[in-house]
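Quick notes on the structure that follows.
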Amino acid sequence: MNLHPIDDSLLSRIVWIGCESSYYQYQSGLFDSSEFEPKMGRWRSQVATATTQLQLCAQRQWFAPDFREEIDRIVRTGGEWPCSE
């Protein structure tokens, strides 16, 4: 399926909103570590690509500060964060 760039952006936003929701569910005790760690592994895999990093740079203002910090931490463990601070 070929999506237009705007559709890619919308899809990316939806995916990361779900990730943010999972993060807060874990922080609230609704997920235990065994349920949450696979999600973190998927996030690490996703943010390893330049395309995803650029999408996150464009969307980061829409996330809560502590979730932004978590994503920043994950990206920085793999190298430089491409967003201008």
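Ordering of the structure tokens sets the chain letters (A, B, ...); residue numbers start at 1 within each chain; ligands are numbered from 1 in the order shown.
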- Task: Identify, on the basis of only C-alpha atoms, every residue whose closest approach to region 63-68 of chain A does not exceed 9 Å; exclude the query and any residue fewer than 6 positions from it along the same chain; express the result as an NGL selection string.
- Result: :A and (16-17 or 20 or 23-24)
Just write the chosen residues, N, CA and C atoms, as a PDB file, in the first residue's frame.
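This is the output file result_22.pdb:
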```pdb
ATOM      1  N   TRP A  16       2.635   6.764  17.663  1.00  0.00           N
ATOM      2  CA  TRP A  16       3.327   7.312  18.836  1.00  0.00           C
ATOM      3  C   TRP A  16       2.367   7.751  19.933  1.00  0.00           C
ATOM      4  N   ILE A  17       1.152   8.106  19.580  1.00  0.00           N
ATOM      5  CA  ILE A  17       0.138   8.369  20.618  1.00  0.00           C
ATOM      6  C   ILE A  17      -0.130   7.079  21.395  1.00  0.00           C
ATOM      7  N   GLU A  20       2.785   6.490  23.713  1.00  0.00           N
ATOM      8  CA  GLU A  20       2.705   7.360  24.885  1.00  0.00           C
ATOM      9  C   GLU A  20       1.667   6.829  25.873  1.00  0.00           C
ATOM     10  N   TYR A  23       3.131   3.950  27.720  1.00  0.00           N
ATOM     11  CA  TYR A  23       4.111   4.439  28.690  1.00  0.00           C
ATOM     12  C   TYR A  23       3.411   4.851  29.991  1.00  0.00           C
ATOM     13  N   TYR A  24       2.329   5.606  29.873  1.00  0.00           N
ATOM     14  CA  TYR A  24       1.614   6.046  31.074  1.00  0.00           C
ATOM     15  C   TYR A  24       0.871   4.904  31.758  1.00  0.00           C
TER      16      TYR A  24
END
```
- Message: Counting only C-alpha atoms, which residue out of A:Glu37, A:Gln27, A:Ser45, A:Cys19 sits closest to Ile74 (chain A)?
- Response: A:Ser45
- Message: Restricting the calculation to only C-alpha atoms: of A:Arg73, A:Ser12, A:Lys39, A:Asp32, which residue gets closest to Leu56 (chain A)?
- Response: A:Ser12
- Query: Got a sec: who's within 12 Å of Thr51 (chain A), counting only C-alpha atoms, leaving out chain neighbours fewer than 6 positions off, as number ranges by chain?
  - Reply: A: 5, 8-9, 12, 57-58, 82
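Each of A:Gln59, A:Cys83, A:Val75, A:Ser28 was compared to Leu10 (chain A) using only C-alpha atoms, and A:Gln59 turns out to be the nearest.
Pairwise distance (CA of Gln55 (chain A), CA of Asp72 (chain A)) equals 13.1 Å.
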